[in-house]
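Dumped structure10.pdb below, it's PDB, C-alpha atoms, pLDDT in the B column:
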MODEL        1
ATOM      1  CA  MET F   1     -40.881 -27.443   8.760  1.00 83.00           C
ATOM      2  CA  GLY F   2     -39.081 -30.159  10.709  1.00 95.00           C
ATOM      3  CA  ASP F   3     -37.339 -31.482   7.608  1.00 97.00           C
ATOM      4  CA  GLN F   4     -36.272 -27.992   6.542  1.00 97.00           C
ATOM      5  CA  TYR F   5     -34.864 -27.250  10.012  1.00 97.00           C
ATOM      6  CA  LEU F   6     -32.937 -30.528  10.288  1.00 98.00           C
ATOM      7  CA  ASN F   7     -31.592 -30.340   6.747  1.00 98.00           C
ATOM      8  CA  ALA F   8     -30.291 -26.837   7.484  1.00 97.00           C
ATOM      9  CA  ILE F   9     -28.428 -28.258  10.479  1.00 98.00           C
ATOM     10  CA  LEU F  10     -26.908 -30.983   8.313  1.00 98.00           C
ATOM     11  CA  ALA F  11     -25.751 -28.366   5.784  1.00 97.00           C
ATOM     12  CA  ARG F  12     -24.207 -26.289   8.570  1.00 97.00           C
ATOM     13  CA  GLU F  13     -22.435 -29.352   9.971  1.00 96.00           C
ATOM     14  CA  ALA F  14     -21.093 -30.671   6.655  1.00 95.00           C
ATOM     15  CA  VAL F  15     -17.550 -32.032   6.959  1.00 90.00           C
ATOM     16  CA  ASP F  16     -14.787 -31.301   4.470  1.00 85.00           C
ATOM     17  CA  THR F  17     -13.612 -34.691   3.194  1.00 81.00           C
ATOM     18  CA  SER F  18     -11.277 -33.408   0.489  1.00 81.00           C
ATOM     19  CA  PHE F  19      -7.565 -34.152   0.473  1.00 79.00           C
ATOM     20  CA  LEU F  20      -7.006 -30.551   1.585  1.00 78.00           C
ATOM     21  CA  SER F  21      -9.171 -31.001   4.674  1.00 81.00           C
ATOM     22  CA  PRO F  22      -7.792 -30.666   8.231  1.00 80.00           C
ATOM     23  CA  ALA F  23      -8.427 -34.392   8.728  1.00 81.00           C
ATOM     24  CA  PHE F  24      -6.185 -35.421   5.834  1.00 85.00           C
ATOM     25  CA  SER F  25      -3.589 -32.862   6.937  1.00 89.00           C
ATOM     26  CA  ALA F  26      -3.562 -34.510  10.380  1.00 91.00           C
ATOM     27  CA  LYS F  27      -3.085 -37.919   8.760  1.00 92.00           C
ATOM     28  CA  ALA F  28      -0.185 -36.597   6.686  1.00 94.00           C
ATOM     29  CA  THR F  29       1.403 -35.131   9.824  1.00 95.00           C
ATOM     30  CA  LEU F  30       1.129 -38.363  11.781  1.00 97.00           C
ATOM     31  CA  THR F  31       2.078 -40.887   9.105  1.00 96.00           C
ATOM     32  CA  PRO F  32       5.869 -40.325   9.452  1.00 97.00           C
ATOM     33  CA  VAL F  33       5.615 -40.805  13.231  1.00 98.00           C
ATOM     34  CA  ILE F  34       3.659 -44.021  12.744  1.00 98.00           C
ATOM     35  CA  ASN F  35       6.030 -45.337  10.098  1.00 97.00           C
ATOM     36  CA  ALA F  36       9.055 -44.566  12.273  1.00 98.00           C
ATOM     37  CA  TRP F  37       7.407 -46.546  15.093  1.00 98.00           C
ATOM     38  CA  GLY F  38       6.213 -49.562  13.108  1.00 97.00           C
ATOM     39  CA  GLY F  39       8.609 -49.611  10.178  1.00 97.00           C
ATOM     40  CA  PRO F  40       7.828 -52.078   7.353  1.00 97.00           C
ATOM     41  CA  LEU F  41       5.267 -53.854   9.557  1.00 98.00           C
ATOM     42  CA  VAL F  42       2.857 -50.933   9.020  1.00 98.00           C
ATOM     43  CA  GLN F  43       0.656 -52.024   6.119  1.00 97.00           C
ATOM     44  CA  SER F  44      -1.619 -48.991   6.021  1.00 96.00           C
ATOM     45  CA  VAL F  45      -2.811 -45.931   7.919  1.00 95.00           C
ATOM     46  CA  SER F  46      -6.363 -45.143   6.885  1.00 92.00           C
ATOM     47  CA  PRO F  47      -9.289 -43.005   8.076  1.00 89.00           C
ATOM     48  CA  SER F  48     -11.989 -45.046   9.769  1.00 89.00           C
ATOM     49  CA  GLY F  49     -14.809 -44.211  12.154  1.00 87.00           C
ATOM     50  CA  SER F  50     -17.291 -41.406  11.491  1.00 91.00           C
ATOM     51  CA  PHE F  51     -15.127 -39.707   8.858  1.00 89.00           C
ATOM     52  CA  ALA F  52     -15.026 -42.819   6.679  1.00 91.00           C
ATOM     53  CA  LYS F  53     -18.667 -43.735   7.313  1.00 94.00           C
ATOM     54  CA  GLY F  54     -20.077 -40.310   6.454  1.00 94.00           C
ATOM     55  CA  THR F  55     -21.528 -39.838   9.940  1.00 96.00           C
ATOM     56  CA  ALA F  56     -19.261 -37.021  11.159  1.00 93.00           C
ATOM     57  CA  ASN F  57     -20.326 -33.466  12.023  1.00 94.00           C
ATOM     58  CA  ALA F  58     -18.137 -30.384  11.708  1.00 89.00           C
ATOM     59  CA  SER F  59     -18.750 -29.281  15.295  1.00 88.00           C
ATOM     60  CA  GLY F  60     -17.671 -32.657  16.609  1.00 78.00           C
ATOM     61  CA  THR F  61     -15.058 -33.462  14.032  1.00 66.00           C
ATOM     62  CA  ASP F  62     -12.432 -35.921  15.049  1.00 79.00           C
ATOM     63  CA  LEU F  63     -10.470 -38.395  13.022  1.00 89.00           C
ATOM     64  CA  ASP F  64     -10.079 -42.105  13.626  1.00 92.00           C
ATOM     65  CA  LEU F  65      -6.953 -43.531  12.051  1.00 95.00           C
ATOM     66  CA  PHE F  66      -6.703 -47.291  11.817  1.00 96.00           C
ATOM     67  CA  ILE F  67      -3.163 -48.643  11.734  1.00 98.00           C
ATOM     68  CA  SER F  68      -2.957 -52.079  10.157  1.00 98.00           C
ATOM     69  CA  LEU F  69       0.090 -54.127  11.132  1.00 98.00           C
ATOM     70  CA  HIS F  70       1.302 -57.202   9.275  1.00 98.00           C
ATOM     71  CA  PRO F  71       0.290 -60.605  10.714  1.00 98.00           C
ATOM     72  CA  SER F  72       3.985 -61.406  11.274  1.00 97.00           C
ATOM     73  CA  THR F  73       4.387 -58.506  13.734  1.00 98.00           C
ATOM     74  CA  PRO F  74       6.302 -60.094  16.644  1.00 96.00           C
ATOM     75  CA  ARG F  75       5.117 -57.742  19.379  1.00 96.00           C
ATOM     76  CA  SER F  76       2.188 -58.670  21.607  1.00 97.00           C
ATOM     77  CA  LEU F  77      -0.977 -56.599  21.234  1.00 98.00           C
ATOM     78  CA  ARG F  78      -0.232 -54.974  24.582  1.00 98.00           C
ATOM     79  CA  ASP F  79       3.276 -54.033  23.462  1.00 98.00           C
ATOM     80  CA  ILE F  80       1.938 -52.657  20.189  1.00 98.00           C
ATOM     81  CA  TYR F  81      -0.448 -50.405  22.078  1.00 98.00           C
ATOM     82  CA  LEU F  82       2.064 -49.236  24.689  1.00 98.00           C
ATOM     83  CA  THR F  83       4.969 -48.664  22.312  1.00 98.00           C
ATOM     84  CA  LEU F  84       2.744 -46.568  20.050  1.00 98.00           C
ATOM     85  CA  PHE F  85       1.697 -44.574  23.116  1.00 98.00           C
ATOM     86  CA  ASN F  86       5.351 -43.981  23.943  1.00 98.00           C
ATOM     87  CA  ALA F  87       6.177 -43.021  20.349  1.00 98.00           C
ATOM     88  CA  LEU F  88       3.414 -40.424  20.326  1.00 98.00           C
ATOM     89  CA  MET F  89       4.574 -39.004  23.657  1.00 98.00           C
ATOM     90  CA  ASP F  90       8.182 -38.872  22.402  1.00 98.00           C
ATOM     91  CA  ALA F  91       6.947 -36.987  19.321  1.00 98.00           C
ATOM     92  CA  GLY F  92       5.479 -34.308  21.579  1.00 97.00           C
ATOM     93  CA  TYR F  93       1.835 -35.347  21.655  1.00 97.00           C
ATOM     94  CA  ALA F  94      -0.096 -35.568  24.934  1.00 96.00           C
ATOM     95  CA  ALA F  95      -1.463 -39.047  24.279  1.00 97.00           C
ATOM     96  CA  ARG F  96      -4.453 -40.465  26.170  1.00 96.00           C
ATOM     97  CA  LYS F  97      -5.238 -44.155  26.580  1.00 96.00           C
ATOM     98  CA  GLN F  98      -8.818 -44.846  25.467  1.00 92.00           C
ATOM     99  CA  ASP F  99      -9.415 -48.593  25.560  1.00 88.00           C
ATOM    100  CA  VAL F 100      -8.575 -49.691  21.985  1.00 92.00           C
ATOM    101  CA  SER F 101      -7.421 -46.251  20.822  1.00 95.00           C
ATOM    102  CA  LEU F 102      -4.897 -43.569  21.702  1.00 97.00           C
ATOM    103  CA  GLY F 103      -6.188 -40.011  21.616  1.00 96.00           C
ATOM    104  CA  ILE F 104      -4.119 -36.974  20.671  1.00 97.00           C
ATOM    105  CA  ARG F 105      -4.695 -33.496  19.288  1.00 94.00           C
ATOM    106  CA  VAL F 106      -3.175 -32.444  15.979  1.00 94.00           C
ATOM    107  CA  GLY F 107      -3.809 -28.777  15.287  1.00 87.00           C
ATOM    108  CA  LEU F 108      -7.572 -28.321  15.598  1.00 82.00           C
ATOM    109  CA  ILE F 109      -8.350 -32.013  15.148  1.00 87.00           C
ATOM    110  CA  ASP F 110      -8.796 -34.663  17.818  1.00 91.00           C
ATOM    111  CA  VAL F 111      -7.291 -37.888  16.480  1.00 95.00           C
ATOM    112  CA  ASP F 112      -7.895 -41.402  17.786  1.00 95.00           C
ATOM    113  CA  LEU F 113      -5.296 -43.909  16.615  1.00 97.00           C
ATOM    114  CA  VAL F 114      -6.307 -47.568  16.658  1.00 97.00           C
ATOM    115  CA  PRO F 115      -3.455 -50.046  16.126  1.00 98.00           C
ATOM    116  CA  GLY F 116      -4.424 -53.563  15.081  1.00 98.00           C
ATOM    117  CA  LYS F 117      -2.615 -56.689  13.951  1.00 98.00           C
ATOM    118  CA  GLN F 118      -4.076 -58.432  10.918  1.00 98.00           C
ATOM    119  CA  GLN F 119      -4.954 -61.983  11.930  1.00 97.00           C
ATOM    120  CA  THR F 120      -4.080 -63.685   8.639  1.00 95.00           C
ATOM    121  CA  PRO F 121      -3.246 -62.486   5.121  1.00 94.00           C
ATOM    122  CA  LEU F 122      -6.486 -64.132   3.930  1.00 93.00           C
ATOM    123  CA  THR F 123      -8.905 -61.791   5.731  1.00 93.00           C
ATOM    124  CA  THR F 124      -9.109 -58.177   6.878  1.00 94.00           C
ATOM    125  CA  ASP F 125      -9.928 -59.246  10.446  1.00 96.00           C
ATOM    126  CA  HIS F 126      -7.670 -57.603  13.013  1.00 97.00           C
ATOM    127  CA  SER F 127      -6.848 -58.173  16.668  1.00 97.00           C
ATOM    128  CA  LEU F 128      -6.960 -55.103  18.926  1.00 96.00           C
ATOM    129  CA  TYR F 129      -5.714 -54.581  22.458  1.00 97.00           C
ATOM    130  CA  ARG F 130      -8.325 -53.462  25.000  1.00 93.00           C
ATOM    131  CA  SER F 131      -6.389 -51.540  27.610  1.00 94.00           C
ATOM    132  CA  ARG F 132      -9.217 -51.157  30.126  1.00 88.00           C
ATOM    133  CA  ALA F 133      -9.663 -54.891  30.543  1.00 89.00           C
ATOM    134  CA  ASP F 134      -6.094 -55.881  29.588  1.00 95.00           C
ATOM    135  CA  THR F 135      -7.450 -58.274  26.980  1.00 94.00           C
ATOM    136  CA  TRP F 136      -7.972 -58.336  23.224  1.00 93.00           C
ATOM    137  CA  THR F 137     -10.819 -58.395  20.746  1.00 90.00           C
ATOM    138  CA  LYS F 138     -11.305 -59.212  17.090  1.00 92.00           C
ATOM    139  CA  THR F 139     -12.883 -56.716  14.752  1.00 90.00           C
ATOM    140  CA  ASN F 140     -13.011 -55.671  11.126  1.00 95.00           C
ATOM    141  CA  VAL F 141     -12.971 -51.924  10.555  1.00 92.00           C
ATOM    142  CA  GLN F 142     -13.901 -52.263   6.892  1.00 93.00           C
ATOM    143  CA  THR F 143     -16.987 -54.288   7.829  1.00 95.00           C
ATOM    144  CA  HIS F 144     -18.079 -51.482  10.167  1.00 95.00           C
ATOM    145  CA  ILE F 145     -17.650 -48.928   7.395  1.00 95.00           C
ATOM    146  CA  ASP F 146     -19.490 -51.090   4.862  1.00 96.00           C
ATOM    147  CA  VAL F 147     -22.432 -51.813   7.205  1.00 97.00           C
ATOM    148  CA  VAL F 148     -23.011 -48.153   8.067  1.00 97.00           C
ATOM    149  CA  ARG F 149     -22.603 -46.960   4.496  1.00 96.00           C
ATOM    150  CA  ALA F 150     -24.916 -49.665   3.127  1.00 97.00           C
ATOM    151  CA  ALA F 151     -27.637 -48.794   5.649  1.00 97.00           C
ATOM    152  CA  GLY F 152     -27.793 -45.243   4.313  1.00 97.00           C
ATOM    153  CA  ARG F 153     -28.757 -43.713   7.670  1.00 98.00           C
ATOM    154  CA  GLN F 154     -26.060 -41.034   7.724  1.00 97.00           C
ATOM    155  CA  PRO F 155     -28.445 -38.021   7.983  1.00 98.00           C
ATOM    156  CA  GLU F 156     -30.332 -39.446  10.958  1.00 98.00           C
ATOM    157  CA  THR F 157     -27.119 -40.579  12.614  1.00 98.00           C
ATOM    158  CA  ARG F 158     -25.547 -37.138  12.288  1.00 98.00           C
ATOM    159  CA  ILE F 159     -28.584 -35.476  13.877  1.00 98.00           C
ATOM    160  CA  VAL F 160     -28.614 -37.975  16.746  1.00 98.00           C
ATOM    161  CA  LYS F 161     -24.880 -37.468  17.293  1.00 97.00           C
ATOM    162  CA  LEU F 162     -25.458 -33.725  17.609  1.00 97.00           C
ATOM    163  CA  TRP F 163     -28.295 -34.424  20.051  1.00 98.00           C
ATOM    164  CA  ARG F 164     -25.958 -36.683  22.047  1.00 97.00           C
ATOM    165  CA  ASP F 165     -23.180 -34.095  22.145  1.00 96.00           C
ATOM    166  CA  GLN F 166     -25.488 -31.217  23.061  1.00 97.00           C
ATOM    167  CA  ASN F 167     -26.887 -33.256  25.952  1.00 97.00           C
ATOM    168  CA  ASN F 168     -23.442 -34.429  27.123  1.00 96.00           C
ATOM    169  CA  LEU F 169     -24.423 -38.089  26.889  1.00 97.00           C
ATOM    170  CA  ASP F 170     -21.977 -40.975  27.072  1.00 93.00           C
ATOM    171  CA  PHE F 171     -22.959 -42.874  23.915  1.00 95.00           C
ATOM    172  CA  PRO F 172     -20.067 -44.365  21.869  1.00 91.00           C
ATOM    173  CA  SER F 173     -20.370 -43.618  18.164  1.00 91.00           C
ATOM    174  CA  VAL F 174     -20.186 -47.239  16.960  1.00 93.00           C
ATOM    175  CA  TYR F 175     -22.971 -48.169  19.374  1.00 96.00           C
ATOM    176  CA  LEU F 176     -25.036 -45.126  18.357  1.00 97.00           C
ATOM    177  CA  GLU F 177     -24.661 -45.851  14.639  1.00 97.00           C
ATOM    178  CA  LEU F 178     -25.839 -49.437  15.059  1.00 98.00           C
ATOM    179  CA  VAL F 179     -28.762 -48.340  17.255  1.00 98.00           C
ATOM    180  CA  VAL F 180     -29.946 -45.897  14.586  1.00 98.00           C
ATOM    181  CA  ILE F 181     -29.847 -48.680  11.996  1.00 98.00           C
ATOM    182  CA  ARG F 182     -31.805 -50.985  14.322  1.00 98.00           C
ATOM    183  CA  ALA F 183     -34.401 -48.335  15.155  1.00 98.00           C
ATOM    184  CA  LEU F 184     -35.058 -47.612  11.474  1.00 98.00           C
ATOM    185  CA  GLN F 185     -34.804 -51.088   9.996  1.00 96.00           C
ATOM    186  CA  LEU F 186     -38.511 -51.116   9.078  1.00 92.00           C
ATOM    187  CA  ASN F 187     -38.982 -47.369   8.687  1.00 95.00           C
ATOM    188  CA  PHE F 188     -39.522 -46.185   5.118  1.00 93.00           C
ATOM    189  CA  SER F 189     -40.691 -42.639   5.826  1.00 95.00           C
ATOM    190  CA  ALA F 190     -39.580 -40.008   3.326  1.00 96.00           C
ATOM    191  CA  SER F 191     -39.435 -37.435   6.119  1.00 98.00           C
ATOM    192  CA  LEU F 192     -36.099 -36.898   7.899  1.00 98.00           C
ATOM    193  CA  ALA F 193     -37.921 -35.445  10.915  1.00 98.00           C
ATOM    194  CA  GLU F 194     -40.150 -38.500  11.208  1.00 98.00           C
ATOM    195  CA  ARG F 195     -37.163 -40.827  11.003  1.00 98.00           C
ATOM    196  CA  VAL F 196     -35.200 -38.948  13.670  1.00 98.00           C
ATOM    197  CA  TRP F 197     -38.353 -38.915  15.828  1.00 98.00           C
ATOM    198  CA  ALA F 198     -38.565 -42.700  15.442  1.00 98.00           C
ATOM    199  CA  VAL F 199     -34.962 -43.021  16.669  1.00 98.00           C
ATOM    200  CA  LEU F 200     -35.741 -40.876  19.715  1.00 98.00           C
ATOM    201  CA  GLN F 201     -38.747 -43.075  20.424  1.00 98.00           C
ATOM    202  CA  PHE F 202     -36.530 -46.150  20.280  1.00 98.00           C
ATOM    203  CA  LEU F 203     -34.010 -44.512  22.595  1.00 98.00           C
ATOM    204  CA  SER F 204     -36.740 -43.514  25.022  1.00 98.00           C
ATOM    205  CA  ALA F 205     -38.237 -46.981  25.405  1.00 97.00           C
ATOM    206  CA  ASP F 206     -36.137 -49.762  23.919  1.00 96.00           C
ATOM    207  CA  LEU F 207     -32.457 -48.927  24.339  1.00 97.00           C
ATOM    208  CA  ALA F 208     -31.846 -50.679  27.661  1.00 95.00           C
ATOM    209  CA  ALA F 209     -33.267 -53.977  26.433  1.00 95.00           C
ATOM    210  CA  ALA F 210     -31.755 -53.904  22.934  1.00 97.00           C
ATOM    211  CA  ARG F 211     -28.811 -56.246  22.375  1.00 97.00           C
ATOM    212  CA  ILE F 212     -26.500 -54.694  19.793  1.00 97.00           C
ATOM    213  CA  VAL F 213     -23.718 -56.887  18.410  1.00 96.00           C
ATOM    214  CA  ASP F 214     -20.554 -55.977  16.531  1.00 93.00           C
ATOM    215  CA  PRO F 215     -21.286 -56.877  12.873  1.00 94.00           C
ATOM    216  CA  ALA F 216     -17.669 -58.006  12.532  1.00 91.00           C
ATOM    217  CA  ASN F 217     -17.608 -60.171  15.675  1.00 89.00           C
ATOM    218  CA  GLY F 218     -20.730 -61.833  17.028  1.00 88.00           C
ATOM    219  CA  SER F 219     -19.168 -62.412  20.439  1.00 87.00           C
ATOM    220  CA  ASN F 220     -18.529 -58.681  20.928  1.00 88.00           C
ATOM    221  CA  VAL F 221     -21.745 -57.221  22.382  1.00 93.00           C
ATOM    222  CA  VAL F 222     -21.448 -53.496  21.706  1.00 93.00           C
ATOM    223  CA  SER F 223     -24.405 -52.674  23.955  1.00 96.00           C
ATOM    224  CA  ASP F 224     -22.401 -53.962  26.924  1.00 93.00           C
ATOM    225  CA  ASP F 225     -20.109 -50.937  26.533  1.00 88.00           C
ATOM    226  CA  LEU F 226     -22.597 -48.877  28.572  1.00 94.00           C
ATOM    227  CA  THR F 227     -23.977 -49.641  32.004  1.00 94.00           C
ATOM    228  CA  PHE F 228     -27.691 -49.749  32.717  1.00 95.00           C
ATOM    229  CA  VAL F 229     -27.398 -46.370  34.452  1.00 96.00           C
ATOM    230  CA  GLN F 230     -25.749 -44.829  31.376  1.00 97.00           C
ATOM    231  CA  LYS F 231     -28.469 -46.269  29.123  1.00 98.00           C
ATOM    232  CA  LEU F 232     -31.111 -44.942  31.485  1.00 97.00           C
ATOM    233  CA  ALA F 233     -29.641 -41.440  31.167  1.00 98.00           C
ATOM    234  CA  ILE F 234     -30.020 -41.681  27.378  1.00 98.00           C
ATOM    235  CA  GLU F 235     -33.595 -42.962  27.712  1.00 98.00           C
ATOM    236  CA  ARG F 236     -34.608 -40.155  30.055  1.00 98.00           C
ATOM    237  CA  THR F 237     -33.047 -37.505  27.836  1.00 98.00           C
ATOM    238  CA  ALA F 238     -34.914 -38.916  24.828  1.00 98.00           C
ATOM    239  CA  GLN F 239     -38.164 -38.828  26.805  1.00 98.00           C
ATOM    240  CA  VAL F 240     -37.593 -35.154  27.637  1.00 98.00           C
ATOM    241  CA  SER F 241     -36.848 -34.422  23.976  1.00 98.00           C
ATOM    242  CA  LEU F 242     -40.024 -36.145  22.805  1.00 98.00           C
ATOM    243  CA  ALA F 243     -42.044 -33.874  25.101  1.00 98.00           C
ATOM    244  CA  GLN F 244     -40.751 -30.717  23.394  1.00 97.00           C
ATOM    245  CA  GLN F 245     -42.964 -28.678  21.083  1.00 92.00           C
ATOM    246  CA  THR F 246     -40.356 -27.680  18.503  1.00 96.00           C
ATOM    247  CA  TRP F 247     -37.245 -29.205  16.940  1.00 97.00           C
ATOM    248  CA  GLY F 248     -35.334 -26.134  18.064  1.00 96.00           C
ATOM    249  CA  ASN F 249     -35.754 -27.317  21.631  1.00 97.00           C
ATOM    250  CA  ILE F 250     -34.447 -30.799  20.757  1.00 98.00           C
ATOM    251  CA  VAL F 251     -31.342 -30.188  18.670  1.00 98.00           C
ATOM    252  CA  LYS F 252     -29.549 -27.035  17.565  1.00 96.00           C
TER     253      LYS F 252
ENDMDL
END
How does the structure come out when it is put into structure tokens?
Amino acid sequence: MGDQYLNAILAREAVDTSFLSPAFSAKATLTPVINAWGGPLVQSVSPSGSFAKGTANASGTDLDLFISLHPSTPRSLRDIYLTLFNALMDAGYAARKQDVSLGIRVGLIDVDLVPGKQQTPLTTDHSLYRSRADTWTKTNVQTHIDVVRAAGRQPETRIVKLWRDQNNLDFPSVYLELVVIRALQLNFSASLAERVWAVLQFLSADLAAARIVDPANGSNVVSDDLTFVQKLAIERTAQVSLAQQTWGNIVK
């Protein structure tokens, strides 16, 4: 019964990934603004994040757009971030600064734009500005996509994301995706319900102590993005969920 219930939720929350989808329409709307801002230094504007990884849900649909700038871009990372913010504001969008991304709303879609400068033409590593700490970090968006897709834990991740959203938990998606992979690395159950239960068990007991590292940058500890108090809130919520008698009381 648990598998049937959770699979019905996944079907209900399926995201349109066709070229006629709202997400691709938002990208088409924003691309001229981005190109006018960056000119020939803009190498690509591509979906990343949950949409590209297959871990998005319809009720929480947003779109991450990664903007790759040429290594020869003369602007500093801070200037890249701030001038893009200004360009979005000038285009009529109410932009929000969100550490490495800029958040706006395009129609019914929340869009996070992440500008990055390619480090060298020989790799797809990029440097990003971190506005909260006024510093920078190295990452590789394609590595993130490849790691999550290769793990094949999209169904469990989507259920846990719904659980997170319905409990109003602060749990960044990249961190959550990597935690699900860690929690299920030795789990070969054929049951979706059993696998999601195993993730909740991990969250209830092991989250605070688990060190989760960016697969594209070993010096970037993703688990440091949350405080101990924030992790404790996730643990306690997972403990409450594990005490429920039905899946309907855990996730809807």
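When you apply the PyMOL selection byres ((chain F and resi 52) around 9) to this structure, what comes back is Thr17, Ser46, Pro47, Ser48, Gly49, Ser50, Phe51, Lys53, Gly54, Thr55, Ala56, Leu63, Asp64, Ile145 and Arg149 of chain F.
Considering only C-alpha atoms, the residue among F:Val100, F:Val160, F:Ala133, F:Ile67 positioned nearest to Pro115 of chain F is F:Ile67.
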Between atom CA of Trp247 of chain F and atom CA of Gly2 of chain F, what is the spacing in Å?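 Atom CA of Trp247 of chain F lies at a distance of 6.6 Å from atom CA of Gly2 of chain F.
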Give me the residues near segment 36-39 of chain F as a VMD selection string, where near means some atom within 8 Å (using all atoms listed in the file) and where sequence neighbours in that chain fewer than 6 positions away do not count.
chain F and resid 69 83 to 84 87
Can you list, as a CSV table (one decimal) with C-alpha atoms, in the coordinates of the input, the residues that the PyMOL selection byres ((chain F and resi 93) around 12) selects here?
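Okay, this is what ended up in selection_6.csv:
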chain,number,residue,atom,x,y,z
F,29,THR,CA,1.4,-35.1,9.8
F,30,LEU,CA,1.1,-38.4,11.8
F,33,VAL,CA,5.6,-40.8,13.2
F,84,LEU,CA,2.7,-46.6,20.0
F,85,PHE,CA,1.7,-44.6,23.1
F,86,ASN,CA,5.4,-44.0,23.9
F,87,ALA,CA,6.2,-43.0,20.3
F,88,LEU,CA,3.4,-40.4,20.3
F,89,MET,CA,4.6,-39.0,23.7
F,90,ASP,CA,8.2,-38.9,22.4
F,91,ALA,CA,6.9,-37.0,19.3
F,92,GLY,CA,5.5,-34.3,21.6
F,94,ALA,CA,-0.1,-35.6,24.9
F,95,ALA,CA,-1.5,-39.0,24.3
F,96,ARG,CA,-4.5,-40.5,26.2
F,102,LEU,CA,-4.9,-43.6,21.7
F,103,GLY,CA,-6.2,-40.0,21.6
F,104,ILE,CA,-4.1,-37.0,20.7
F,105,ARG,CA,-4.7,-33.5,19.3
F,106,VAL,CA,-3.2,-32.4,16.0
F,107,GLY,CA,-3.8,-28.8,15.3
F,110,ASP,CA,-8.8,-34.7,17.8
F,111,VAL,CA,-7.3,-37.9,16.5
Smallest atom-to-atom distance to Leu178 of chain F: which of F:Pro22, F:Pro74, F:Gly116, F:Pro215, using all atoms listed in the file?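 With all atoms listed in the file as the atom set, the closest residue is F:Pro215.
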Worksheet item: Could you spell out the hits of the PyMOL selection byres ((chain F and resi 161-169) around 9) on the shown file, as a list in words?
Response: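 This file gives the following for the PyMOL selection byres ((chain F and resi 161-169) around 9): Thr55, Ala56, Asn57, Ser59, Gly60, Glu156, Thr157, Arg158, Ile159, Val160, Asp170, Phe171, Ser173, Leu176, Glu177, Gln230, Ala233, Ile234, Thr237, Ile250, Val251 and Lys252 of chain F.
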Could the centre and edge lengths of an axis-aligned box, enclosing all atoms of segment 10-25 of chain F in the file with 3 Å extra on each side, be given in Å to one decimal as AutoDock Vina command-line options?
--center_x -15.2 --center_y -30.9 --center_z 5.2 --size_x 29.3 --size_y 15.1 --size_z 15.5
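Between atom CA of Tyr129 of chain F and atom CA of Tyr81 of chain F the separation is 6.7 Å.
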May I ask for the distance between atom CA of Ser127 of chain F and atom CA of Asn140 of chain F, given in Å to one decimal place?
->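 Taking atom CA of Ser127 of chain F and atom CA of Asn140 of chain F, their separation equals 8.7 Å.
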Quiz item: Near Val180 of chain F, within 10 Å and counting all atoms listed in the file, which residues show up once chain neighbours fewer than 3 positions away are dropped, as number ranges by chain?
Solution: F: 148, 151, 153-154, 156-157, 160, 175-177, 183-185, 195-196, 198-200, 202-203
- Query: Quick one: of F:Asp146, F:Asp206, F:Asp134, F:Asp16, who's nearest to Arg236 of chain F, counting all atoms listed in the file?
  - Reply: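 Between F:Asp146, F:Asp206, F:Asp134, F:Asp16, the residue approaching Arg236 of chain F most closely is F:Asp206.
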Skipping near chain neighbours, those fewer than 5 positions away, what residues fall within 6 Å of Asp99 of chain F using only C-alpha atoms, listed as a ChimeraX atom specification? /F:130-132
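Nearest residue to Val179 of chain F, choosing from F:Ala8, F:Ala205, F:Ile212, F:Leu192 and counting all atoms listed in the file: F:Ile212.
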Within 7 Å of Ser68 of chain F, counting only C-alpha atoms, which residues qualify if same-chain residues fewer than 5 places away don't, as a PDB file with C-alpha atoms, keeping the file's coordinate frame?
ATOM      1  CA  VAL F  42       2.857 -50.933   9.020  1.00 98.00           C
ATOM      2  CA  GLN F  43       0.656 -52.024   6.119  1.00 97.00           C
ATOM      3  CA  SER F  44      -1.619 -48.991   6.021  1.00 96.00           C
ATOM      4  CA  VAL F  45      -2.811 -45.931   7.919  1.00 95.00           C
ATOM      5  CA  PRO F 115      -3.455 -50.046  16.126  1.00 98.00           C
ATOM      6  CA  GLY F 116      -4.424 -53.563  15.081  1.00 98.00           C
ATOM      7  CA  LYS F 117      -2.615 -56.689  13.951  1.00 98.00           C
ATOM      8  CA  GLN F 118      -4.076 -58.432  10.918  1.00 98.00           C
TER       9      GLN F 118
END
Worksheet entry | Counting all atoms listed in the file, the residue of F:Ala150, F:Ala210, F:Pro32, F:Pro71 that sits nearest Phe228 of chain F |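 Ranking F:Ala150, F:Ala210, F:Pro32, F:Pro71 by distance to Phe228 of chain F, first place goes to F:Ala210.
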